[in-house]
>>> print(open('work-v8.txt').read())   # compact mmCIF, C-alpha atoms and all ligand atoms
# COMPACT_ATOMS: atom_id res chain seq x y z
CA MET A 6 -64.33 47.59 57.40
CA GLN A 7 -64.52 45.55 60.59
CA ILE A 8 -63.26 47.06 63.85
CA ILE A 9 -62.39 44.49 66.49
CA ARG A 10 -61.32 45.20 70.05
CA SER A 11 -60.78 41.87 71.74
CA ALA A 12 -58.40 39.02 70.97
CA LYS A 13 -61.25 36.53 71.29
CA ASP A 14 -63.40 38.35 68.72
CA LEU A 15 -60.45 38.61 66.38
CA GLU A 16 -59.74 34.90 66.63
CA THR A 17 -63.36 34.09 65.76
CA PHE A 18 -63.44 36.57 62.89
CA LEU A 19 -60.19 35.32 61.35
CA GLN A 20 -61.32 31.70 61.25
CA GLN A 21 -62.99 32.30 57.89
CA PHE A 22 -59.79 33.55 56.21
CA GLU A 23 -56.71 31.64 55.18
CA GLU A 24 -54.38 34.39 54.11
CA ILE A 25 -53.91 37.39 56.31
CA ASN A 26 -51.70 40.32 55.41
CA PHE A 27 -50.83 42.09 58.61
CA VAL A 28 -49.65 45.66 59.22
CA PRO A 29 -48.87 46.28 62.91
CA THR A 30 -48.93 49.95 63.90
CA MET A 31 -49.10 52.17 66.95
CA GLY A 32 -51.67 54.40 65.22
CA ASN A 33 -51.41 58.11 64.45
CA LEU A 34 -51.25 56.96 60.86
CA HIS A 35 -49.46 58.93 58.16
CA ALA A 36 -48.65 58.32 54.50
CA GLY A 37 -45.82 55.98 55.54
CA HIS A 38 -48.26 53.64 57.31
CA LEU A 39 -50.76 53.93 54.48
CA SER A 40 -48.08 52.82 52.01
CA LEU A 41 -47.71 49.63 54.10
CA VAL A 42 -51.45 49.05 53.89
CA SER A 43 -51.47 49.66 50.11
CA GLU A 44 -48.64 47.17 49.76
CA ALA A 45 -50.53 44.63 51.90
CA ASN A 46 -53.64 45.13 49.72
CA ARG A 47 -51.69 43.87 46.70
CA TYR A 48 -51.44 40.40 48.21
CA HIS A 49 -54.09 37.71 48.06
CA GLY A 50 -56.20 37.52 51.23
CA ILE A 51 -57.38 40.16 53.69
CA THR A 52 -55.52 43.16 55.06
CA LEU A 53 -55.49 43.50 58.83
CA VAL A 54 -54.07 46.57 60.58
CA SER A 55 -53.50 46.68 64.33
CA ILE A 56 -53.45 49.91 66.30
CA PHE A 57 -51.82 49.49 69.68
CA VAL A 58 -49.39 51.76 71.52
CA ASN A 59 -47.20 49.05 72.98
CA PRO A 60 -46.11 49.96 76.53
CA LEU A 61 -43.45 47.22 76.49
CA GLN A 62 -41.28 49.18 74.08
CA PHE A 63 -41.18 52.36 76.17
CA ALA A 64 -38.95 52.87 79.21
CA PRO A 65 -40.52 54.71 82.18
CA ASN A 66 -38.73 57.97 81.24
CA GLU A 67 -39.87 57.87 77.60
CA ASP A 68 -42.83 59.38 75.75
CA LEU A 69 -45.53 56.67 76.19
CA ASP A 70 -47.99 59.12 77.76
CA ILE A 71 -47.63 61.77 75.08
CA TYR A 72 -47.36 59.37 72.14
CA PRO A 73 -50.03 60.71 69.74
CA ARG A 74 -53.32 58.76 69.79
CA THR A 75 -55.76 59.56 67.01
CA GLU A 76 -57.92 56.47 66.57
CA LYS A 77 -60.99 58.13 65.03
CA GLN A 78 -58.94 59.78 62.30
CA ASP A 79 -56.87 56.61 61.77
CA LEU A 80 -60.01 54.51 61.20
CA LYS A 81 -61.26 57.01 58.60
CA GLU A 82 -57.97 56.82 56.72
CA LEU A 83 -57.96 53.03 56.80
CA GLU A 84 -61.53 52.83 55.54
CA LYS A 85 -60.62 55.10 52.61
CA ILE A 86 -57.85 52.81 51.43
CA ASN A 87 -59.89 49.61 51.68
CA CYS A 88 -58.40 48.03 54.75
CA ASP A 89 -60.53 44.97 55.64
CA VAL A 90 -60.17 44.77 59.39
CA VAL A 91 -58.65 46.86 62.18
CA PHE A 92 -57.69 45.36 65.51
CA CYS A 93 -57.60 47.95 68.31
CA PRO A 94 -56.99 46.01 71.53
CA LYS A 95 -57.35 47.62 74.95
CA PRO A 96 -54.22 48.56 76.96
CA ASP A 97 -54.41 45.28 78.91
CA PHE A 98 -53.52 43.40 75.70
CA ALA A 99 -49.88 43.72 76.77
CA LYS A 100 -50.52 42.12 80.17
CA GLY A 101 -49.22 38.59 80.49
CA VAL A 102 -47.34 38.77 77.19
CA LYS A 103 -44.51 36.27 77.06
CA LYS A 104 -41.31 38.33 77.37
CA LEU A 105 -38.94 37.45 74.55
CA HIS A 106 -35.44 38.65 73.78
CA ALA A 107 -34.49 40.12 70.42
CA ASN A 108 -31.29 38.78 68.86
CA PRO A 109 -28.54 40.62 70.80
CA ASP A 110 -26.23 40.77 67.77
CA LEU A 111 -28.76 43.10 66.15
CA SER A 112 -30.59 44.62 69.10
CA LYS A 113 -27.60 45.85 71.12
CA LYS A 114 -26.53 48.29 68.39
CA LEU A 115 -27.85 51.68 67.17
CA CYS A 116 -31.22 52.37 68.90
CA GLY A 117 -30.62 49.47 71.29
CA ILE A 118 -27.73 51.29 72.98
CA SER A 119 -29.80 54.14 74.40
CA ARG A 120 -33.06 52.11 74.45
CA PRO A 121 -31.98 48.67 75.76
CA HIS A 122 -35.57 47.51 76.46
CA PHE A 123 -36.92 48.65 73.10
CA PHE A 124 -36.49 45.72 70.72
CA HIS A 125 -37.32 43.11 73.37
CA GLY A 126 -40.63 44.93 73.88
CA ILE A 127 -41.26 44.98 70.14
CA VAL A 128 -40.45 41.31 69.56
CA SER A 129 -42.58 40.32 72.58
CA ILE A 130 -45.68 42.19 71.43
CA LEU A 131 -45.25 41.13 67.81
CA ASN A 132 -44.95 37.50 68.81
CA HIS A 133 -48.20 37.93 70.75
CA PHE A 134 -49.87 39.36 67.63
CA PHE A 135 -48.37 36.76 65.31
CA GLN A 136 -49.51 33.84 67.50
CA LEU A 137 -53.03 35.21 67.46
CA ILE A 138 -53.16 36.13 63.77
CA ASN A 139 -50.78 33.70 62.07
CA PRO A 140 -50.23 36.12 59.19
CA LYS A 141 -49.10 35.02 55.75
CA ASN A 142 -47.36 38.36 55.15
CA VAL A 143 -46.27 41.19 57.44
CA PHE A 144 -45.23 44.68 56.39
CA PHE A 145 -42.70 46.99 58.04
CA GLY A 146 -41.44 50.43 57.08
CA LEU A 147 -37.74 50.71 56.35
CA LYS A 148 -37.46 53.94 58.32
CA ASP A 149 -37.22 51.59 61.29
CA TYR A 150 -34.58 49.59 59.48
CA GLN A 151 -33.19 47.97 62.63
CA GLN A 152 -36.68 46.89 63.68
CA TYR A 153 -37.21 45.34 60.22
CA LEU A 154 -33.95 43.35 60.49
CA ILE A 155 -34.75 42.17 64.02
CA VAL A 156 -38.28 41.05 63.14
CA LYS A 157 -36.94 39.31 60.03
CA ASP A 158 -34.38 37.50 62.18
CA PHE A 159 -37.07 36.59 64.70
CA LEU A 160 -39.35 35.17 61.99
CA THR A 161 -36.55 33.16 60.38
CA LYS A 162 -35.89 31.46 63.72
CA SER A 163 -39.55 30.94 64.65
CA ASN A 164 -41.95 28.21 63.52
CA LEU A 165 -44.14 30.77 61.80
CA LYS A 166 -44.45 30.63 58.03
CA THR A 167 -44.77 34.38 57.76
CA ASN A 168 -43.09 36.41 55.02
CA ILE A 169 -41.77 39.84 55.93
CA HIS A 170 -41.78 42.77 53.51
CA GLY A 171 -39.75 45.96 54.01
CA VAL A 172 -41.45 48.98 52.48
CA PRO A 173 -39.45 52.11 51.45
CA ILE A 174 -39.42 55.25 53.60
CA VAL A 175 -42.05 57.83 52.69
CA ARG A 176 -40.80 61.41 53.02
CA GLU A 177 -42.45 64.81 53.33
CA SER A 178 -41.78 67.17 50.40
CA ASP A 179 -38.81 68.69 52.27
CA GLY A 180 -37.29 65.25 52.86
CA LEU A 181 -38.26 64.63 56.48
CA ALA A 182 -39.06 60.93 56.94
CA MET A 183 -42.69 60.47 57.95
CA SER A 184 -43.09 59.60 61.61
CA SER A 185 -45.83 59.92 64.19
CA ARG A 186 -43.35 61.78 66.37
CA ASN A 187 -43.19 64.59 63.77
CA ASN A 188 -46.55 65.66 65.24
CA LEU A 189 -44.78 66.47 68.50
CA LEU A 190 -42.64 69.14 66.79
CA THR A 191 -43.53 72.83 67.01
CA PRO A 192 -43.66 74.66 63.64
CA ASP A 193 -40.13 76.03 64.24
CA GLN A 194 -38.76 72.61 65.20
CA ARG A 195 -40.50 71.11 62.18
CA LEU A 196 -38.52 73.43 59.87
CA ILE A 197 -35.25 72.45 61.55
CA ALA A 198 -36.17 68.74 61.43
CA ALA A 199 -35.93 68.82 57.62
CA LYS A 200 -32.18 69.48 57.97
CA LEU A 201 -31.73 65.96 59.29
CA SER A 202 -32.55 64.23 56.00
CA ALA A 203 -30.74 66.94 54.00
CA ILE A 204 -27.52 66.38 55.97
CA LEU A 205 -27.88 62.61 55.68
CA ARG A 206 -28.54 62.75 51.96
CA ASP A 207 -25.44 64.94 51.39
CA THR A 208 -23.36 62.63 53.58
CA ALA A 209 -24.63 59.55 51.74
CA GLN A 210 -23.64 61.12 48.42
CA GLU A 211 -20.05 61.49 49.59
CA ALA A 212 -19.71 58.10 51.23
CA LYS A 213 -18.11 56.46 48.21
CA ILE A 214 -15.37 59.06 47.84
CA LYS A 215 -14.55 60.33 51.32
CA ASN A 216 -13.31 58.78 54.53
CA LEU A 217 -16.30 57.53 56.55
CA GLU A 218 -14.94 58.63 59.93
CA TYR A 219 -14.38 62.12 58.54
CA LEU A 220 -17.95 62.18 57.21
CA ARG A 221 -19.25 60.95 60.55
CA VAL A 222 -17.50 63.71 62.52
CA GLU A 223 -18.60 66.34 59.99
CA GLY A 224 -22.17 65.03 59.95
CA ILE A 225 -22.42 65.19 63.74
CA LYS A 226 -20.96 68.71 63.72
CA LYS A 227 -23.52 69.89 61.15
CA LEU A 228 -26.40 68.34 63.11
CA GLU A 229 -25.21 69.91 66.36
CA GLU A 230 -25.13 73.32 64.68
CA PHE A 231 -28.90 72.95 64.29
CA ASN A 232 -29.29 71.91 67.95
CA PHE A 233 -29.84 68.23 67.28
CA LYS A 234 -28.45 66.03 70.06
CA VAL A 235 -26.96 63.09 68.22
CA ASP A 236 -27.68 59.66 69.71
CA TYR A 237 -25.78 57.82 66.97
CA PHE A 238 -24.47 58.50 63.46
CA SER A 239 -23.39 55.22 62.01
CA PHE A 240 -22.11 53.75 58.78
CA CYS A 241 -22.79 50.05 59.09
CA ASN A 242 -23.27 46.79 57.28
CA SER A 243 -26.93 46.60 56.30
CA ARG A 244 -27.29 42.91 57.26
CA THR A 245 -25.34 42.81 60.54
CA LEU A 246 -25.40 46.49 61.61
CA GLU A 247 -21.68 46.10 62.33
CA GLU A 248 -19.92 49.49 62.13
CA ILE A 249 -17.70 49.83 59.05
CA ASP A 250 -14.67 52.03 58.34
CA GLU A 251 -14.66 51.67 54.59
CA PHE A 252 -17.47 51.97 52.13
CA GLU A 253 -19.00 48.72 50.86
CA ALA A 254 -22.01 48.05 48.64
CA ASN A 255 -25.26 48.51 50.59
CA THR A 256 -23.75 50.52 53.40
CA LEU A 257 -26.43 51.71 55.78
CA LEU A 258 -26.13 55.26 57.05
CA ALA A 259 -28.33 55.30 60.15
CA VAL A 260 -28.90 58.20 62.50
CA ALA A 261 -30.93 58.96 65.62
CA VAL A 262 -31.17 62.44 67.08
CA ASN A 263 -33.10 64.27 69.70
CA LEU A 264 -34.55 67.67 68.83
CA GLU A 265 -35.55 69.41 72.05
CA GLY A 266 -37.10 66.23 73.47
CA VAL A 267 -38.40 64.70 70.23
CA ARG A 268 -36.58 61.60 69.03
CA LEU A 269 -36.13 61.34 65.27
CA ILE A 270 -34.49 58.55 63.30
CA ASP A 271 -33.64 58.24 59.64
CA ASN A 272 -31.45 56.20 57.34
CA PHE A 273 -30.13 55.94 53.82
CA LEU A 274 -29.12 52.70 52.18
CA ILE A 275 -26.17 53.56 49.95
CA GLN A 276 -25.81 51.15 47.03
O1 LIG A 301 -43.15 50.28 64.33
C1 LIG A 301 -44.05 50.35 65.18
O2 LIG A 301 -44.99 51.16 65.10
C2 LIG A 301 -44.03 49.42 66.39
O3 LIG A 301 -42.72 49.20 66.80
C3 LIG A 301 -44.76 48.08 66.14
C4 LIG A 301 -44.11 47.29 65.04
C5 LIG A 301 -46.22 48.37 65.78
C6 LIG A 301 -44.74 47.23 67.42
O4 LIG A 301 -45.39 47.86 68.47
>>> encode(input="work-v8.txt", output="structure tokens", more="lines below")
Ligand code: PAF
Amino acid sequence: MQIIRSAKDLETFLQQFEEINFVPTMGNLHAGHLSLVSEANRYHGITLVSIFVNPLQFAPNEDLDIYPRTEKQDLKELEKINCDVVFCPKPDFAKGVKKLHANPDLSKKLCGISRPHFFHGIVSILNHFFQLINPKNVFFGLKDYQQYLIVKDFLTKSNLKTNIHGVPIVRESDGLAMSSRNNLLTPDQRLIAAKLSAILRDTAQEAKIKNLEYLRVEGIKKLEEFNFKVDYFSFCNSRTLEEIDEFEANTLLAVAVNLEGVRLIDNFLIQ
């Protein structure tokens, strides 16, 4: 497995390959990330993973400084599952990045309400990666469903001929969606965190038969009983993220909460 740290070296290295399957990450890899890499490995060509904690997607008051960084361990995991090349640029990789705007119809909803800078930072850094790598395929986890939709929209409107693949959420045995931020939870908080997916799953099961506003109010109440601060609890159209009042096929139930300073998101696509 090749480990490359500068954009120039990556450019030179990639010249010999036509088809690149790209998995962008911020490191601290877990089974969710590894499922993206396994999916990428199924495609013809080489699998490239980037590890870069992107400062452009954090506001000054957010958790950039404490975001878990575990490069040594990450590289071991990637080697084990036959990743071909890992790009770990230095922090200055984000300097001079062309600042782009994510589609406001998608980016001003859900996570974009409390994190207005977030998706612009993501689209800007990804564009920087994509211009350098020109990937044939890119892979995104569906836990970050809104991110997946926004990147898909960005790619559709760009000149890039890159296909995007959304890969299902990987959950811990108690249902908690895998996330690097789970590592910030204390053992007690970790036990409570499992209630998030349990409450969502129960809510999703009732969405076809009960009033959605009622379920929303009840869902928030249940989460607050466990000390979650609810950022949003939304039933929405899974293509537009427009809030809906009545159940429709492929309704997205999307939630973001804060558990004593740790932000957790999750979603269920209800078919
Ligand atoms: O999902 C993430 O880890 C990040 O948002 C991404 C796509 C690597 C961009 O920094």
>>> closest_atom_pairs(input="work-v8.txt", of="chain A", to="ligand LIG 301 (chain A)", cutoff="8 Å", atoms="only C-alpha atoms and all ligand atoms", output="tab-separated table")
residue	atom	partner	partner_atom	distance
A:Val28	CA	A:LIG301	C5	7.9
A:Pro29	CA	A:LIG301	C5	4.4
A:Thr30	CA	A:LIG301	C5	3.7
A:Met31	CA	A:LIG301	O2	4.6
A:Gly32	CA	A:LIG301	O2	7.4
A:Ser55	CA	A:LIG301	C5	7.6
A:Ile56	CA	A:LIG301	C5	7.4
A:Phe57	CA	A:LIG301	O4	6.7
A:Val58	CA	A:LIG301	O4	6.4
A:Asn59	CA	A:LIG301	O4	5.0
A:Gln62	CA	A:LIG301	O4	7.1
A:Gly126	CA	A:LIG301	O4	7.8
A:Ile127	CA	A:LIG301	C6	5.0
A:Val128	CA	A:LIG301	C6	7.6
A:Ile130	CA	A:LIG301	O4	6.4
A:Leu131	CA	A:LIG301	C6	6.1
A:Phe145	CA	A:LIG301	O1	7.1
A:Gly146	CA	A:LIG301	O1	7.5
A:Asp149	CA	A:LIG301	O1	6.8
A:Gln152	CA	A:LIG301	O3	7.2
>>> closest_residue(input="work-v8.txt", among="A:Gln136, A:Asn272, A:Asn255, A:Ser129", to="A:Ala182", atoms="all atoms listed in the file")
A:Asn272
>>> atom_distance(input="work-v8.txt", atom1="atom CA of A:Lys148", atom2="atom CA of A:Asn164")
26.6 Å
>>> closest_atom_pairs(input="work-v8.txt", of="stretch 62-177 of chain A", to="stretch 233-237 of chain A", cutoff="10 Å", atoms="all atoms listed in the file", output="CSV")
residue,atom,partner,partner_atom,distance
A:Lys114,CA,A:Tyr237,CA,9.7
A:Leu115,CA,A:Tyr237,CA,6.5
A:Cys116,CA,A:Tyr237,CA,7.9
A:Ile118,CA,A:Asp236,CA,9.0
A:Ser119,CA,A:Asp236,CA,7.5
>>> closest_residue(input="work-v8.txt", among="A:Pro65, A:Pro140, A:Gly117, A:Pro73", to="A:Ile51", atoms="all atoms listed in the file")
A:Pro140
>>> closest_residue(input="work-v8.txt", among="A:Val172, A:Val54, A:Val143, A:Leu205", to="A:Leu257", atoms="all atoms listed in the file")
A:Leu205
>>> closest_residue(input="work-v8.txt", among="A:Phe123, A:Phe134, A:Phe18, A:Phe231", to="A:Asp89", atoms="all atoms listed in the file")
A:Phe18
>>> residues_around(input="work-v8.txt", residues="A:Leu217", least_positions_apart="3", cutoff="12 Å", atoms="all atoms listed in the file", output="VMD selection string")
chain A and resid 208 to 214 220 to 224 238 to 241 248 to 253 256 to 258
>>> closest_residue(input="work-v8.txt", among="A:Asn66, A:Asn87, A:Gln20, A:Asn142", to="A:His49", atoms="all atoms listed in the file")
A:Asn142
>>> axis_aligned_box(input="work-v8.txt", around="stretch 185-192 of chain A", padding_each_side="3 Å", output="AutoDock Vina command-line options")
--center_x -44.6 --center_y 67.3 --center_z 66.1 --size_x 9.9 --size_y 20.7 --size_z 10.9
>>> closest_residue(input="work-v8.txt", among="A:Asn108, A:Asn188, A:Ser202, A:Gln194", to="A:Val156", atoms="only C-alpha atoms")
A:Asn108
>>> residues_around(input="work-v8.txt", residues="A:Leu201", least_positions_apart="5", cutoff="8 Å", atoms="all atoms listed in the file", output="ChimeraX atom specification")
/A:181,228,271
>>> atom_distance(input="work-v8.txt", atom1="atom CA of A:Glu230", atom2="atom CA of A:Arg195")
15.7 Å
>>> atom_distance(input="work-v8.txt", atom1="atom CA of A:Ala64", atom2="atom CA of A:Arg176")
27.6 Å
>>> build_atoms(input="work-v8.txt", residues="stretch 40-63 of chain A", atoms="N, CA and C atoms", output="PDB file, keeping the file's coordinate frame")
ATOM      1  N   SER A  40     -48.797  53.523  53.089  1.00  0.00           N
ATOM      2  CA  SER A  40     -48.080  52.820  52.010  1.00  0.00           C
ATOM      3  C   SER A  40     -47.907  51.337  52.381  1.00  0.00           C
ATOM      4  N   LEU A  41     -47.791  51.040  53.662  1.00  0.00           N
ATOM      5  CA  LEU A  41     -47.710  49.630  54.100  1.00  0.00           C
ATOM      6  C   LEU A  41     -49.039  48.926  53.818  1.00  0.00           C
ATOM      7  N   VAL A  42     -50.120  49.647  54.094  1.00  0.00           N
ATOM      8  CA  VAL A  42     -51.450  49.050  53.890  1.00  0.00           C
ATOM      9  C   VAL A  42     -51.693  48.839  52.388  1.00  0.00           C
ATOM     10  N   SER A  43     -51.313  49.821  51.568  1.00  0.00           N
ATOM     11  CA  SER A  43     -51.470  49.660  50.110  1.00  0.00           C
ATOM     12  C   SER A  43     -50.667  48.474  49.620  1.00  0.00           C
ATOM     13  N   GLU A  44     -49.472  48.317  50.163  1.00  0.00           N
ATOM     14  CA  GLU A  44     -48.640  47.170  49.760  1.00  0.00           C
ATOM     15  C   GLU A  44     -49.330  45.865  50.191  1.00  0.00           C
ATOM     16  N   ALA A  45     -49.847  45.836  51.399  1.00  0.00           N
ATOM     17  CA  ALA A  45     -50.530  44.630  51.900  1.00  0.00           C
ATOM     18  C   ALA A  45     -51.749  44.298  51.024  1.00  0.00           C
ATOM     19  N   ASN A  46     -52.439  45.340  50.551  1.00  0.00           N
ATOM     20  CA  ASN A  46     -53.640  45.130  49.720  1.00  0.00           C
ATOM     21  C   ASN A  46     -53.320  44.444  48.394  1.00  0.00           C
ATOM     22  N   ARG A  47     -52.058  44.480  47.989  1.00  0.00           N
ATOM     23  CA  ARG A  47     -51.690  43.870  46.700  1.00  0.00           C
ATOM     24  C   ARG A  47     -51.620  42.341  46.810  1.00  0.00           C
ATOM     25  N   TYR A  48     -51.590  41.842  48.022  1.00  0.00           N
ATOM     26  CA  TYR A  48     -51.440  40.400  48.210  1.00  0.00           C
ATOM     27  C   TYR A  48     -52.808  39.732  48.345  1.00  0.00           C
ATOM     28  N   HIS A  49     -52.867  38.486  47.945  1.00  0.00           N
ATOM     29  CA  HIS A  49     -54.090  37.710  48.060  1.00  0.00           C
ATOM     30  C   HIS A  49     -54.469  37.587  49.540  1.00  0.00           C
ATOM     31  N   GLY A  50     -55.767  37.655  49.833  1.00  0.00           N
ATOM     32  CA  GLY A  50     -56.200  37.520  51.230  1.00  0.00           C
ATOM     33  C   GLY A  50     -56.677  38.854  51.780  1.00  0.00           C
ATOM     34  N   ILE A  51     -56.863  38.916  53.093  1.00  0.00           N
ATOM     35  CA  ILE A  51     -57.380  40.160  53.690  1.00  0.00           C
ATOM     36  C   ILE A  51     -56.246  40.969  54.337  1.00  0.00           C
ATOM     37  N   THR A  52     -56.486  42.270  54.411  1.00  0.00           N
ATOM     38  CA  THR A  52     -55.520  43.160  55.060  1.00  0.00           C
ATOM     39  C   THR A  52     -56.023  43.507  56.459  1.00  0.00           C
ATOM     40  N   LEU A  53     -55.168  43.225  57.421  1.00  0.00           N
ATOM     41  CA  LEU A  53     -55.490  43.500  58.830  1.00  0.00           C
ATOM     42  C   LEU A  53     -54.463  44.498  59.368  1.00  0.00           C
ATOM     43  N   VAL A  54     -54.954  45.576  59.949  1.00  0.00           N
ATOM     44  CA  VAL A  54     -54.070  46.570  60.580  1.00  0.00           C
ATOM     45  C   VAL A  54     -54.335  46.534  62.081  1.00  0.00           C
ATOM     46  N   SER A  55     -53.279  46.529  62.887  1.00  0.00           N
ATOM     47  CA  SER A  55     -53.500  46.680  64.330  1.00  0.00           C
ATOM     48  C   SER A  55     -53.078  48.080  64.744  1.00  0.00           C
ATOM     49  N   ILE A  56     -53.795  48.609  65.708  1.00  0.00           N
ATOM     50  CA  ILE A  56     -53.450  49.910  66.300  1.00  0.00           C
ATOM     51  C   ILE A  56     -53.289  49.669  67.790  1.00  0.00           C
ATOM     52  N   PHE A  57     -52.054  49.749  68.249  1.00  0.00           N
ATOM     53  CA  PHE A  57     -51.820  49.490  69.680  1.00  0.00           C
ATOM     54  C   PHE A  57     -50.515  50.159  70.091  1.00  0.00           C
ATOM     55  N   VAL A  58     -50.606  51.110  71.011  1.00  0.00           N
ATOM     56  CA  VAL A  58     -49.390  51.760  71.520  1.00  0.00           C
ATOM     57  C   VAL A  58     -48.821  50.812  72.574  1.00  0.00           C
ATOM     58  N   ASN A  59     -47.742  50.163  72.190  1.00  0.00           N
ATOM     59  CA  ASN A  59     -47.200  49.050  72.980  1.00  0.00           C
ATOM     60  C   ASN A  59     -46.367  49.541  74.162  1.00  0.00           C
ATOM     61  N   PRO A  60     -46.870  49.427  75.392  1.00  0.00           N
ATOM     62  CA  PRO A  60     -46.110  49.960  76.530  1.00  0.00           C
ATOM     63  C   PRO A  60     -44.778  49.235  76.738  1.00  0.00           C
ATOM     64  N   LEU A  61     -44.668  47.994  76.249  1.00  0.00           N
ATOM     65  CA  LEU A  61     -43.450  47.220  76.490  1.00  0.00           C
ATOM     66  C   LEU A  61     -42.223  47.788  75.780  1.00  0.00           C
ATOM     67  N   GLN A  62     -42.445  48.643  74.791  1.00  0.00           N
ATOM     68  CA  GLN A  62     -41.280  49.180  74.080  1.00  0.00           C
ATOM     69  C   GLN A  62     -40.917  50.601  74.519  1.00  0.00           C
ATOM     70  N   PHE A  63     -41.527  51.048  75.610  1.00  0.00           N
ATOM     71  CA  PHE A  63     -41.180  52.360  76.170  1.00  0.00           C
ATOM     72  C   PHE A  63     -40.577  52.165  77.556  1.00  0.00           C
TER      73      PHE A  63
END
